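The data block below is upload02.txt; it holds compact mmCIF, C-alpha atoms.
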# COMPACT_ATOMS: atom_id res chain seq x y z
CA MET F 6 -159.15 -214.76 -20.30
CA ALA F 7 -162.13 -217.00 -19.54
CA ASN F 8 -159.87 -219.29 -17.57
CA ASP F 9 -158.46 -216.37 -15.69
CA GLN F 10 -161.90 -215.24 -14.63
CA SER F 11 -163.07 -218.65 -13.50
CA LEU F 12 -160.03 -218.84 -11.28
CA GLU F 13 -160.25 -215.34 -9.84
CA SER F 14 -163.86 -214.23 -10.07
CA PRO F 15 -165.93 -215.02 -6.99
CA GLY F 16 -169.23 -215.17 -8.88
CA VAL F 17 -171.71 -212.62 -10.20
CA VAL F 18 -173.40 -211.69 -6.91
CA VAL F 19 -170.26 -211.34 -4.83
CA GLY F 20 -168.56 -209.56 -7.72
CA THR F 21 -171.33 -206.96 -7.94
CA VAL F 22 -171.28 -206.40 -4.19
CA CYS F 23 -167.52 -205.98 -4.35
CA ALA F 24 -167.86 -203.42 -7.16
CA ILE F 25 -170.39 -201.43 -5.13
CA GLY F 26 -168.15 -201.57 -2.09
CA ARG F 27 -165.13 -200.49 -4.09
CA SER F 28 -166.88 -197.46 -5.54
CA ALA F 29 -168.22 -196.52 -2.09
CA ILE F 30 -164.73 -196.70 -0.62
CA ASN F 31 -163.42 -194.62 -3.52
CA ALA F 32 -166.08 -191.97 -2.98
CA VAL F 33 -165.35 -191.72 0.73
CA GLN F 34 -161.60 -191.61 0.10
CA GLN F 35 -162.06 -188.86 -2.46
CA ALA F 36 -164.26 -186.83 -0.10
CA GLY F 37 -161.66 -187.23 2.63
CA ARG F 38 -158.83 -186.18 0.31
CA LEU F 39 -160.85 -183.13 -0.76
CA ALA F 40 -161.53 -182.09 2.83
CA MET F 41 -157.91 -182.60 3.91
CA PHE F 42 -156.72 -180.70 0.85
CA PHE F 43 -159.03 -177.77 1.63
CA VAL F 44 -158.03 -177.60 5.30
CA THR F 45 -154.32 -177.92 4.53
CA THR F 46 -154.48 -175.19 1.91
CA LEU F 47 -156.40 -172.83 4.19
CA SER F 48 -153.97 -173.47 7.05
CA ARG F 49 -151.25 -171.88 4.89
CA LEU F 50 -153.20 -168.64 5.18
CA PHE F 51 -151.51 -168.06 8.52
CA TYR F 52 -147.97 -168.40 7.18
CA TRP F 53 -146.04 -165.22 6.61
CA PRO F 54 -145.22 -163.68 4.16
CA PHE F 55 -148.35 -164.20 2.14
CA PRO F 56 -147.73 -164.58 -1.63
CA PHE F 57 -149.60 -161.42 -2.72
CA ALA F 58 -148.00 -161.18 -6.14
CA GLU F 59 -149.16 -164.66 -7.08
CA VAL F 60 -152.70 -163.90 -5.84
CA ILE F 61 -152.83 -160.81 -8.05
CA LYS F 62 -151.63 -162.85 -11.02
CA GLN F 63 -154.35 -165.42 -10.37
CA ILE F 64 -157.07 -162.78 -9.93
CA HIS F 65 -155.96 -161.50 -13.31
CA PHE F 66 -156.41 -164.96 -14.80
CA ILE F 67 -159.60 -166.01 -12.98
CA GLY F 68 -161.27 -162.63 -12.69
CA ALA F 69 -160.15 -159.94 -15.08
CA LYS F 70 -159.77 -162.21 -18.10
CA SER F 71 -163.24 -163.67 -17.46
CA MET F 72 -164.92 -160.28 -17.70
CA PRO F 73 -165.90 -160.39 -21.40
CA VAL F 74 -167.48 -163.83 -21.17
CA ILE F 75 -169.13 -162.97 -17.84
CA ILE F 76 -170.61 -159.78 -19.29
CA MET F 77 -172.01 -161.66 -22.28
CA ALA F 78 -173.45 -164.38 -20.04
CA GLY F 79 -175.02 -161.84 -17.69
CA LEU F 80 -176.46 -159.73 -20.47
CA PHE F 81 -178.20 -162.59 -22.24
CA THR F 82 -179.36 -164.20 -19.00
CA GLY F 83 -180.98 -160.96 -17.92
CA MET F 84 -182.52 -160.43 -21.34
CA VAL F 85 -184.02 -163.89 -21.59
CA VAL F 86 -185.33 -163.83 -18.02
CA ALA F 87 -187.01 -160.49 -18.73
CA LEU F 88 -188.45 -161.82 -21.98
CA GLN F 89 -189.85 -164.97 -20.39
CA PHE F 90 -191.30 -163.22 -17.37
CA TYR F 91 -192.77 -160.47 -19.53
CA ASP F 92 -194.61 -163.13 -21.50
CA ALA F 93 -195.84 -164.82 -18.30
CA LEU F 94 -196.69 -161.67 -16.34
CA ILE F 95 -198.64 -160.00 -19.12
CA ARG F 96 -201.22 -162.79 -18.85
CA PHE F 97 -201.98 -161.65 -15.31
CA GLY F 98 -201.71 -157.96 -16.14
CA SER F 99 -198.87 -157.52 -13.69
CA VAL F 100 -196.07 -156.43 -15.99
CA ASP F 101 -195.18 -153.83 -13.35
CA LEU F 102 -193.59 -156.64 -11.34
CA LEU F 103 -191.04 -157.33 -14.10
CA GLY F 104 -188.22 -155.37 -12.45
CA SER F 105 -188.70 -157.08 -9.10
CA VAL F 106 -188.83 -160.54 -10.61
CA VAL F 107 -185.78 -160.08 -12.83
CA ALA F 108 -183.71 -158.54 -10.03
CA LEU F 109 -184.68 -161.17 -7.45
CA ALA F 110 -184.08 -164.06 -9.84
CA LEU F 111 -180.69 -162.69 -10.84
CA ILE F 112 -179.43 -161.60 -7.43
CA ARG F 113 -180.54 -164.66 -5.49
CA GLU F 114 -180.10 -167.49 -7.94
CA LEU F 115 -179.11 -166.95 -11.54
CA GLY F 116 -176.24 -164.51 -11.01
CA PRO F 117 -174.20 -166.70 -8.66
CA VAL F 118 -174.93 -169.90 -10.62
CA MET F 119 -174.23 -168.43 -14.07
CA ALA F 120 -171.02 -166.80 -12.88
CA ALA F 121 -169.92 -170.05 -11.22
CA LEU F 122 -170.63 -172.09 -14.35
CA MET F 123 -168.70 -169.66 -16.55
CA ILE F 124 -165.80 -169.75 -14.09
CA ILE F 125 -165.79 -173.55 -14.09
CA ALA F 126 -165.75 -173.61 -17.86
CA ARG F 127 -163.17 -170.88 -18.37
CA ALA F 128 -160.81 -170.85 -15.40
CA GLY F 129 -161.59 -174.10 -13.54
CA SER F 130 -160.81 -176.43 -16.43
CA ALA F 131 -157.63 -174.54 -17.28
CA THR F 132 -156.43 -174.55 -13.68
CA CYS F 133 -157.12 -178.27 -13.30
CA SER F 134 -155.15 -179.22 -16.39
CA GLU F 135 -152.34 -176.87 -15.37
CA ILE F 136 -152.02 -178.52 -11.96
CA ALA F 137 -152.45 -182.00 -13.46
CA ILE F 138 -149.65 -181.39 -15.93
CA MET F 139 -147.43 -180.12 -13.12
CA ARG F 140 -148.11 -183.36 -11.27
CA ASN F 141 -147.59 -185.37 -14.42
CA GLU F 142 -144.19 -183.77 -14.99
CA GLN F 143 -143.35 -184.44 -11.32
CA GLN F 144 -142.91 -180.75 -10.65
CA PHE F 145 -144.51 -181.15 -7.22
CA ASP F 146 -141.90 -183.77 -6.30
CA ALA F 147 -139.21 -181.33 -7.45
CA LEU F 148 -140.72 -178.57 -5.30
CA ASP F 149 -140.86 -180.96 -2.34
CA CYS F 150 -137.18 -181.78 -2.85
CA MET F 151 -136.38 -178.09 -2.69
CA ALA F 152 -138.45 -177.81 0.51
CA ILE F 153 -140.90 -175.43 -1.16
CA ASP F 154 -144.39 -175.71 0.29
CA VAL F 155 -146.70 -176.61 -2.61
CA TYR F 156 -149.87 -175.74 -0.72
CA ARG F 157 -148.56 -172.33 0.19
CA TYR F 158 -147.14 -171.19 -3.14
CA VAL F 159 -149.26 -173.04 -5.70
CA MET F 160 -152.63 -173.91 -4.16
CA LEU F 161 -153.39 -171.09 -1.71
CA PRO F 162 -153.00 -168.17 -4.17
CA ARG F 163 -155.41 -169.83 -6.61
CA LEU F 164 -157.98 -170.59 -3.92
CA VAL F 165 -157.80 -167.10 -2.42
CA ALA F 166 -157.97 -165.50 -5.87
CA ALA F 167 -161.10 -167.52 -6.66
CA ILE F 168 -162.74 -166.58 -3.35
CA ILE F 169 -162.08 -162.90 -4.15
CA ALA F 170 -162.87 -162.98 -7.87
CA VAL F 171 -166.07 -165.08 -7.99
CA PRO F 172 -168.20 -162.72 -5.81
CA LEU F 173 -166.99 -159.74 -7.85
CA LEU F 174 -167.85 -161.50 -11.11
CA THR F 175 -171.23 -162.46 -9.67
CA ALA F 176 -171.95 -158.81 -8.87
CA VAL F 177 -171.03 -157.92 -12.44
CA VAL F 178 -173.40 -160.62 -13.78
CA ASP F 179 -176.19 -159.26 -11.57
CA VAL F 180 -175.78 -155.64 -12.65
CA VAL F 181 -175.28 -156.44 -16.34
CA GLY F 182 -178.26 -158.84 -16.16
CA ILE F 183 -180.46 -156.15 -14.67
CA GLY F 184 -179.30 -153.92 -17.51
CA GLY F 185 -180.20 -156.66 -20.02
CA GLY F 186 -183.63 -156.95 -18.42
CA TYR F 187 -183.95 -153.19 -18.75
CA ILE F 188 -183.17 -153.38 -22.47
CA VAL F 189 -185.82 -156.02 -23.08
CA GLY F 190 -188.43 -154.80 -20.58
CA VAL F 191 -188.26 -151.04 -20.86
CA LEU F 192 -186.70 -150.34 -24.25
CA ILE F 193 -188.25 -153.16 -26.30
CA GLN F 194 -191.49 -154.11 -24.50
CA ASP F 195 -192.31 -150.65 -23.15
CA VAL F 196 -192.68 -151.45 -19.47
CA SER F 197 -192.52 -148.12 -17.65
CA TYR F 198 -189.10 -147.04 -16.45
CA GLY F 199 -190.38 -146.26 -12.96
CA ALA F 200 -192.12 -149.62 -12.58
CA TYR F 201 -188.95 -151.49 -13.54
CA ILE F 202 -186.38 -149.61 -11.47
CA GLY F 203 -188.72 -148.58 -8.65
CA GLY F 204 -190.21 -152.05 -8.27
CA MET F 205 -186.74 -153.51 -8.17
CA VAL F 206 -185.52 -151.09 -5.48
CA ASP F 207 -188.67 -151.64 -3.40
CA THR F 208 -188.58 -155.43 -3.54
CA VAL F 209 -184.92 -156.34 -3.21
CA GLN F 210 -183.69 -156.33 0.37
CA TRP F 211 -180.17 -156.43 1.71
CA ASN F 212 -180.88 -160.05 2.71
CA ASP F 213 -181.25 -161.00 -0.96
CA VAL F 214 -177.95 -159.39 -1.89
CA ARG F 215 -176.28 -161.01 1.12
CA MET F 216 -177.60 -164.41 0.06
CA GLY F 217 -176.08 -164.03 -3.41
CA LEU F 218 -172.81 -162.91 -1.86
CA ILE F 219 -172.60 -165.87 0.54
CA LYS F 220 -173.39 -168.24 -2.30
CA SER F 221 -170.76 -166.84 -4.61
CA VAL F 222 -168.02 -166.93 -1.95
CA LEU F 223 -168.84 -170.58 -1.22
CA PHE F 224 -169.00 -171.38 -4.95
CA GLY F 225 -165.54 -169.92 -5.45
CA ALA F 226 -164.15 -172.04 -2.64
CA VAL F 227 -165.95 -175.25 -3.68
CA ILE F 228 -165.08 -174.99 -7.37
CA PHE F 229 -161.41 -174.26 -6.89
CA CYS F 230 -160.99 -176.78 -4.11
CA VAL F 231 -162.33 -179.54 -6.38
CA VAL F 232 -160.43 -178.36 -9.43
CA LEU F 233 -157.09 -178.03 -7.64
CA ALA F 234 -157.44 -181.32 -5.75
CA LYS F 235 -158.41 -183.21 -8.90
CA GLY F 236 -155.26 -182.03 -10.62
CA PHE F 237 -153.08 -182.48 -7.57
CA TYR F 238 -154.15 -186.09 -6.88
CA LEU F 239 -153.86 -187.13 -10.53
CA HIS F 240 -151.35 -189.88 -9.65
CA ILE F 241 -153.66 -191.43 -7.01
CA GLU F 242 -157.05 -191.12 -8.67
CA GLN F 243 -156.43 -191.75 -12.34
CA PRO F 244 -155.80 -195.25 -13.70
CA VAL F 245 -153.64 -193.82 -16.49
CA SER F 246 -151.06 -191.07 -16.41
CA GLY F 247 -149.82 -188.82 -19.19
CA ALA F 248 -152.02 -186.82 -21.50
CA GLU F 249 -154.99 -189.16 -21.13
CA GLY F 250 -154.88 -188.93 -17.34
CA VAL F 251 -154.79 -185.13 -17.50
CA GLY F 252 -157.80 -185.16 -19.82
CA ARG F 253 -159.75 -187.48 -17.55
CA ALA F 254 -158.88 -185.49 -14.44
CA THR F 255 -160.04 -182.25 -16.10
CA THR F 256 -163.33 -183.77 -17.22
CA GLU F 257 -164.01 -185.20 -13.78
CA ALA F 258 -163.07 -181.91 -12.14
CA VAL F 259 -165.48 -179.91 -14.31
CA VAL F 260 -168.36 -182.34 -13.74
CA LEU F 261 -167.76 -182.77 -10.01
CA SER F 262 -167.29 -179.06 -9.34
CA ALA F 263 -170.47 -178.18 -11.26
CA ILE F 264 -172.49 -180.78 -9.34
CA LEU F 265 -171.05 -179.80 -5.96
CA MET F 266 -171.69 -176.14 -6.80
CA LEU F 267 -175.38 -176.81 -7.56
CA PHE F 268 -175.66 -178.92 -4.40
CA THR F 269 -174.14 -176.11 -2.34
CA ASP F 270 -176.59 -173.74 -4.00
CA TYR F 271 -179.55 -175.77 -2.80
CA VAL F 272 -178.20 -176.20 0.72
CA VAL F 273 -177.42 -172.50 1.13
CA SER F 274 -180.83 -171.52 -0.24
CA ALA F 275 -182.55 -173.93 2.11
CA PHE F 276 -180.67 -172.52 5.09
CA LEU F 277 -181.09 -168.85 4.24
CA LEU F 278 -184.70 -168.77 3.05
CA MET T 18 -143.58 -152.66 -17.05
CA LYS T 19 -145.38 -155.86 -18.00
CA LYS T 20 -146.18 -156.57 -14.35
CA TYR T 21 -147.52 -153.06 -14.01
CA GLY T 22 -149.96 -153.86 -16.84
CA VAL T 23 -151.28 -156.93 -15.03
CA GLU T 24 -151.72 -155.01 -11.81
CA PHE T 25 -153.55 -152.25 -13.63
CA ILE T 26 -155.99 -154.71 -15.25
CA VAL T 27 -156.60 -156.45 -11.93
CA GLY T 28 -157.18 -153.06 -10.34
CA ILE T 29 -159.79 -152.19 -12.95
CA PHE T 30 -161.46 -155.58 -12.49
CA VAL T 31 -161.62 -155.18 -8.72
CA LEU T 32 -162.97 -151.64 -9.07
CA ILE T 33 -165.71 -152.70 -11.50
CA GLY T 34 -166.65 -155.67 -9.34
CA THR T 35 -166.75 -153.62 -6.16
CA ALA T 36 -168.78 -150.90 -7.87
CA ALA T 37 -171.30 -153.50 -9.05
CA LEU T 38 -171.48 -154.97 -5.55
CA ALA T 39 -171.91 -151.54 -3.98
CA TYR T 40 -174.68 -150.69 -6.44
CA LEU T 41 -176.48 -153.94 -5.59
CA ALA T 42 -176.07 -153.54 -1.85
CA ILE T 43 -176.72 -149.82 -1.43
CA ASP T 44 -178.88 -148.70 -4.31
CA ILE T 45 -180.97 -151.78 -4.97
CA GLY T 46 -180.62 -153.68 -1.70
CA GLY T 47 -181.31 -150.57 0.37
CA LEU T 48 -178.46 -151.16 2.80
CA SER T 49 -177.98 -147.93 4.67
CA GLY T 50 -175.01 -147.03 6.79
CA GLY T 51 -177.10 -146.55 9.89
CA GLU T 52 -180.31 -145.16 11.20
CA ASP T 53 -178.90 -141.70 11.83
CA ASP T 54 -181.24 -139.90 9.49
CA SER T 55 -184.46 -141.21 10.99
CA TYR T 56 -186.28 -141.28 14.32
CA PRO T 57 -188.44 -143.99 15.91
CA LEU T 58 -192.16 -143.78 16.67
CA VAL T 59 -194.32 -146.38 18.36
CA ALA T 60 -197.86 -147.42 17.49
CA ARG T 61 -200.11 -150.09 19.02
CA PHE T 62 -202.45 -152.10 16.85
CA ASP T 63 -205.14 -154.63 17.78
CA SER T 64 -203.90 -156.66 14.85
CA SER T 65 -200.86 -156.18 12.62
CA SER T 66 -201.59 -159.33 10.66
CA GLY T 67 -199.50 -159.49 7.48
CA LEU T 68 -197.23 -156.56 8.36
CA LYS T 69 -193.53 -157.38 8.16
CA GLU T 70 -190.36 -155.74 9.40
CA GLY T 71 -189.04 -153.43 6.70
CA ALA T 72 -192.55 -152.61 5.44
CA HIS T 73 -192.99 -149.11 4.04
CA ILE T 74 -194.51 -146.16 5.84
CA GLU T 75 -196.33 -143.76 3.58
CA ILE T 76 -197.79 -140.30 3.93
CA ALA T 77 -200.01 -139.27 1.03
CA GLY T 78 -198.53 -142.16 -0.96
CA VAL T 79 -194.93 -141.03 -0.50
CA ARG T 80 -192.54 -143.36 1.29
CA VAL T 81 -191.22 -141.75 4.48
CA GLY T 82 -189.81 -144.63 6.49
CA GLN T 83 -189.99 -148.28 7.38
CA VAL T 84 -191.08 -150.66 10.14
CA ARG T 85 -188.20 -151.58 12.45
CA SER T 86 -189.79 -154.11 14.78
CA ILE T 87 -193.11 -155.76 15.58
CA VAL T 88 -193.51 -157.28 19.05
CA LEU T 89 -196.41 -158.45 21.17
CA ASP T 90 -197.24 -156.58 24.34
CA SER T 91 -197.90 -159.53 26.65
CA ASP T 92 -200.07 -157.50 29.05
CA SER T 93 -202.56 -155.96 26.66
CA PHE T 94 -202.08 -158.49 23.82
CA GLU T 95 -201.58 -155.68 21.39
CA SER T 96 -199.06 -155.54 18.60
CA VAL T 97 -196.40 -152.89 19.27
CA VAL T 98 -194.91 -151.61 16.02
CA THR T 99 -191.78 -149.46 16.05
CA MET T 100 -191.47 -147.29 12.95
CA LEU T 101 -188.49 -145.35 11.67
CA ILE T 102 -189.56 -142.04 10.17
CA ASP T 103 -187.18 -139.96 8.07
CA GLU T 104 -185.64 -137.01 9.91
CA GLY T 105 -187.19 -133.72 8.86
CA ILE T 106 -190.74 -135.03 8.75
CA ALA T 107 -192.53 -133.66 11.79
CA LEU T 108 -195.84 -135.39 12.47
CA PRO T 109 -198.63 -133.63 14.40
CA GLU T 110 -199.57 -135.27 17.70
CA ASP T 111 -203.01 -136.41 16.55
CA SER T 112 -201.75 -138.22 13.45
CA MET T 113 -203.29 -141.58 12.67
CA ALA T 114 -201.49 -144.78 11.63
CA SER T 115 -203.41 -147.39 9.67
CA ILE T 116 -202.27 -150.68 8.16
CA ARG T 117 -203.21 -150.90 4.50
CA THR T 118 -202.65 -153.30 1.64
CA ALA T 119 -201.15 -152.34 -1.69
CA GLY T 120 -203.72 -153.59 -4.18
CA ILE T 121 -205.77 -156.62 -3.25
CA ILE T 122 -202.97 -159.12 -2.70
CA GLY T 123 -200.03 -156.73 -2.33
CA ASP T 124 -197.73 -156.09 0.61
CA ARG T 125 -198.99 -154.53 3.83
CA PHE T 126 -197.76 -151.04 4.65
CA ILE T 127 -198.54 -148.37 7.22
CA LYS T 128 -200.34 -145.28 6.06
CA VAL T 129 -199.89 -142.26 8.30
CA SER T 130 -202.54 -139.57 8.05
CA PRO T 131 -201.22 -136.36 9.62
CA GLY T 132 -203.56 -134.58 12.03
CA GLY T 133 -204.02 -130.90 12.65
CA ALA T 134 -202.49 -130.40 16.12
CA GLU T 135 -199.84 -127.79 16.82
CA GLU T 136 -197.67 -130.14 18.89
CA VAL T 137 -195.47 -132.55 16.95
CA LEU T 138 -194.36 -136.07 17.89
CA ALA T 139 -190.80 -136.43 19.15
CA ALA T 140 -188.61 -139.54 18.91
CA ASN T 141 -190.03 -142.61 20.73
CA ASP T 142 -193.46 -140.96 21.14
CA GLU T 143 -196.53 -143.04 20.51
CA ILE T 144 -199.10 -142.56 17.78
CA LEU T 145 -202.32 -143.03 19.75
CA GLU T 146 -204.83 -143.26 16.96
CA THR T 147 -204.41 -146.49 15.01
CA GLU T 148 -206.41 -148.60 12.62
CA SER T 149 -205.65 -152.31 12.39
CA ALA T 150 -205.16 -154.44 9.35
CA ILE T 151 -208.39 -155.03 7.47
CA SER T 152 -208.97 -158.71 6.87
CA ILE T 153 -210.94 -159.47 3.76
CA GLU T 154 -212.02 -162.80 5.26
CA GLU T 155 -213.51 -161.04 8.27
CA LEU T 156 -215.31 -158.57 6.08
CA VAL T 157 -216.76 -161.35 3.96
CA SER T 158 -217.89 -163.40 6.95
CA LYS T 159 -219.45 -160.28 8.48
CA TYR T 160 -221.39 -159.69 5.29
CA ILE T 161 -222.55 -163.30 5.09
CA PHE T 162 -223.44 -164.03 8.69
CA GLU T 163 -224.72 -160.68 9.95
CA GLU T 164 -227.69 -159.91 7.83
With the file now loaded, output its structure as C-alpha cells.
Amino acid sequence: MANDQSLESPGVVVGTVCAIGRSAINAVQQAGRLAMFFVTTLSRLFYWPFPFAEVIKQIHFIGAKSMPVIIMAGLFTGMVVALQFYDALIRFGSVDLLGSVVALALIRELGPVMAALMIIARAGSATCSEIAIMRNEQQFDALDCMAIDVYRYVMLPRLVAAIIAVPLLTAVVDVVGIGGGYIVGVLIQDVSYGAYIGGMVDTVQWNDVRMGLIKSVLFGAVIFCVVLAKGFYLHIEQPVSGAEGVGRATTEAVVLSAILMLFTDYVVSAFLL
Amino acid sequence: MKKYGVEFIVGIFVLIGTAALAYLAIDIGGLSGGEDDSYPLVARFDSSSGLKEGAHIEIAGVRVGQVRSIVLDSDSFESVVTMLIDEGIALPEDSMASIRTAGIIGDRFIKVSPGGAEEVLAANDEILETESAISIEELVSKYIFEE
C-alpha cells in the first residue's frame, strides 16, 4: 500500500489541489445533471396524452397521505409560535398584535418551510428510494428497451403531483397553524377574539399569501427534482450499487433537497420583500 | 372500486387544500374579485408621509375603504391620494380627509369626517378639505425652537 502510494501519489500539495478540483467538477456535473433532468422532465409536459391517472395516484401518495402528519406539524407550529410571541409581546403590552404576528410568520415563512420539510421526510425519501431501486434493478433499461419514455411516465407525474400537492399542503399548514395559535392565544392565554382574528385580517395582505404560494410551488419543484434525479442517477453518482447505494442516494437526496429548499426560500424572500 | 377509493381521497385532499387556500387568500389576505362595490375619490395633501397604498379609510372609527394610489402632482408638488370608498356610503361635499396614525407608532390611515352639506360626492370627485400627516418630529422641533 505504501509502495503503491509512493509510485502514484503526486505529493501532499498537488494531491489536495486535485481533491478540491475533483469535488468542484463533481458539484458542477451534478448541478448540470439536475438542470438537464428538470428541463427534460418538464418538456414531456407537452406530449399527449398526459398521464393523468398516474398524477392522481402520486397526489394521493404525496398529498392526501401526508395530511395527518401535516396537520400535526401545522398545529404544533402554530401553537408554539403563539406561545413564544405571547411571552415576548406581553413585555411590551402589545398582545393585541399576536394574531398578526402568528399569521404573518406562518403564511410567509413557517408554513411553506414546515410543509416542505415534512414532504421531504415523508414523500421525498420514499420516492428517492423507489426510483433508486428501480434503477438498481435495471428497470429503466428495461423500459428503454421497450421504447417507453421514462421521463414521461415515471418522472413527470411525480413532479407535477408535487407541484400541485405542496402548495395545497402549505395552505393546510397555514390554516391549521392559525387555528393552533388561536387555541393558545385566545382559549388559553385569553387574548381577545377580535384582536386575534381582526388583527390578522387587517395585517395580512394578498401579497403575503402570494409569497407563500410562490414559495411552496418552487419548493415542490426543487424537492422532487432533486429527489427524483438522485434516484435516477444512482449508477453514475454512487460509488457502490445495491442496497448500500440506494441508502446513500436517499440520504444525499434528503440533505440536498432540504438545503436547496432553504436556499430557495431565502432567494425568493429577498426578491419578493 | 379500489381506484374509485383513491380518486375519492385525492378529491377530498384537493378540496381541503383549495378551501384552505381560498380562506387564506380571500378572508385573511383580503383579495377581492374586483373593485365593483366601491367608488374612487381624490384628495390632495401637502404631505402624505407614511401613508401607504392599501391603508384603511375610516369614518367614526369604522373601516369604509382603502387607499388605491398615491402620486405626486408635479405642478403643485402635492400628494394626490386616490381612495376607494365602499358603495352605499354617500359623503357630503364638505367632508374632510385627514391622515392619522393608529396609536403612537401604528400605521397611517385616512380619517374622513363627514360634513353637513346637502350635496354628496360622486365618483372621482375631490375632497377639498384635507389635513396632512402630523409629524411628531416637527411638533417637537416647533416646541423646542419657537418659544
Query raised in the report: Out of F:Val181, F:Val196, F:Leu148, F:Cys133, which residue has the shortest atom-to-atom distance to F:Leu103 when counting all atoms listed in the file?
Result: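 Checking each candidate against F:Leu103, we get F:Val196 as the closest.
Atom to atom, atom CA of T:Val157 and atom CA of T:Ser115 stand 20.1 Å apart.
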Please determine the contact residues of chain T with respect to chain F at a cut-off of 10 Å, counting all atoms listed in the file, and supply them as a compact mmCIF listing (two decimals) with C-alpha atoms, in the frame of the given file.
# COMPACT_ATOMS: atom_id res chain seq x y z
CA LYS T 20 -146.18 -156.57 -14.35
CA VAL T 23 -151.28 -156.93 -15.03
CA GLU T 24 -151.72 -155.01 -11.81
CA PHE T 25 -153.55 -152.25 -13.63
CA ILE T 26 -155.99 -154.71 -15.25
CA VAL T 27 -156.60 -156.45 -11.93
CA GLY T 28 -157.18 -153.06 -10.34
CA ILE T 29 -159.79 -152.19 -12.95
CA PHE T 30 -161.46 -155.58 -12.49
CA VAL T 31 -161.62 -155.18 -8.72
CA LEU T 32 -162.97 -151.64 -9.07
CA ILE T 33 -165.71 -152.70 -11.50
CA GLY T 34 -166.65 -155.67 -9.34
CA THR T 35 -166.75 -153.62 -6.16
CA ALA T 36 -168.78 -150.90 -7.87
CA ALA T 37 -171.30 -153.50 -9.05
CA LEU T 38 -171.48 -154.97 -5.55
CA ALA T 39 -171.91 -151.54 -3.98
CA TYR T 40 -174.68 -150.69 -6.44
CA LEU T 41 -176.48 -153.94 -5.59
CA ALA T 42 -176.07 -153.54 -1.85
CA ILE T 43 -176.72 -149.82 -1.43
CA ASP T 44 -178.88 -148.70 -4.31
CA ILE T 45 -180.97 -151.78 -4.97
CA GLY T 46 -180.62 -153.68 -1.70
CA GLY T 47 -181.31 -150.57 0.37
CA LEU T 48 -178.46 -151.16 2.80
CA SER T 49 -177.98 -147.93 4.67
CA GLY T 71 -189.04 -153.43 6.70
CA ALA T 72 -192.55 -152.61 5.44
CA HIS T 73 -192.99 -149.11 4.04
Report task. Quick one: pull the distance between atom CA of F:Val227 and atom CA of F:Val86, Å, one decimal. Result ->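 Value for the atom CA of F:Val227-atom CA of F:Val86 distance: 26.7 Å.
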**Report entry** Computed interatomic separation between atom CA of F:Leu109 and atom CA of F:Tyr271 (Å)
**Finding:** 16.2 Å
At most 9 Å is the cut-off: for each residue in stretch 18-129 of chain T with any atom that close to an atom of stretch 134-142 of chain T, write down the nearest atom pair and the distance in Å rounded to one decimal, counting only C-alpha atoms, chain first then increasing number, as CSV.
residue,atom,partner,partner_atom,distance
T:Tyr56,CA,T:Ala140,CA,5.4
T:Pro57,CA,T:Asn141,CA,5.3
T:Leu58,CA,T:Asn141,CA,4.7
T:Val59,CA,T:Asp142,CA,6.2
T:Ala60,CA,T:Asp142,CA,8.6
T:Thr99,CA,T:Asn141,CA,8.5
T:Ala107,CA,T:Val137,CA,6.0
T:Leu108,CA,T:Val137,CA,5.3
T:Pro109,CA,T:Val137,CA,4.2
T:Glu110,CA,T:Val137,CA,5.0
T:Asp111,CA,T:Ala134,CA,6.0
T:Ser112,CA,T:Ala134,CA,8.3
Query raised in the report: Which residues come within 12 Å of T:Leu89, counting only C-alpha atoms, excluding same-chain residues fewer than 4 positions away, as number ranges by chain?
Result: T: 60-66, 93-99
Between stretch 170-246 of chain F and stretch 23-33 of chain F, at 12 Å or less, what are the per-residue closest atom pairs and their distances in Å? Count only C-alpha atoms, order by chain and rising residue number, and return it as JSON lines.
{"residue": "F:Ile241", "atom": "CA", "partner": "F:Asn31", "partner_atom": "CA", "distance": 10.8}
{"residue": "F:Glu242", "atom": "CA", "partner": "F:Asn31", "partner_atom": "CA", "distance": 8.9}
{"residue": "F:Gln243", "atom": "CA", "partner": "F:Asn31", "partner_atom": "CA", "distance": 11.6}
Kindly list the centre and edge lengths in Å, rounded to one decimal, for the axis-aligned box that covers all listed atoms of stretch 258-262 of chain F plus 6 Å on each of its six sides, as AutoDock Vina command-line options.
--center_x -165.7 --center_y -180.9 --center_z -11.8 --size_x 17.3 --size_y 15.7 --size_z 17.0
Requested in this report: Take the point (-200.3, -141.1, -3.1) in the file's coordinates, draw a sphere of radius 12 Å around it, and report as an NGL selection string every protein, DNA or RNA residue with an atom inside or on it, counting all atoms listed in the file.
Outcome: :T and (74-81 or 119 or 128-130)
Requested in this report: Would you kindly return, as a list in words, each protein, DNA or RNA residue with an atom no farther than 9 Å from any atom of F:Leu265, considering all atoms listed in the file and excluding same-chain residues fewer than 4 positions away?
Outcome: Phe224, Val227, Ile228, Val231, Val260, Leu261, Thr269 and Asp270 of chain F
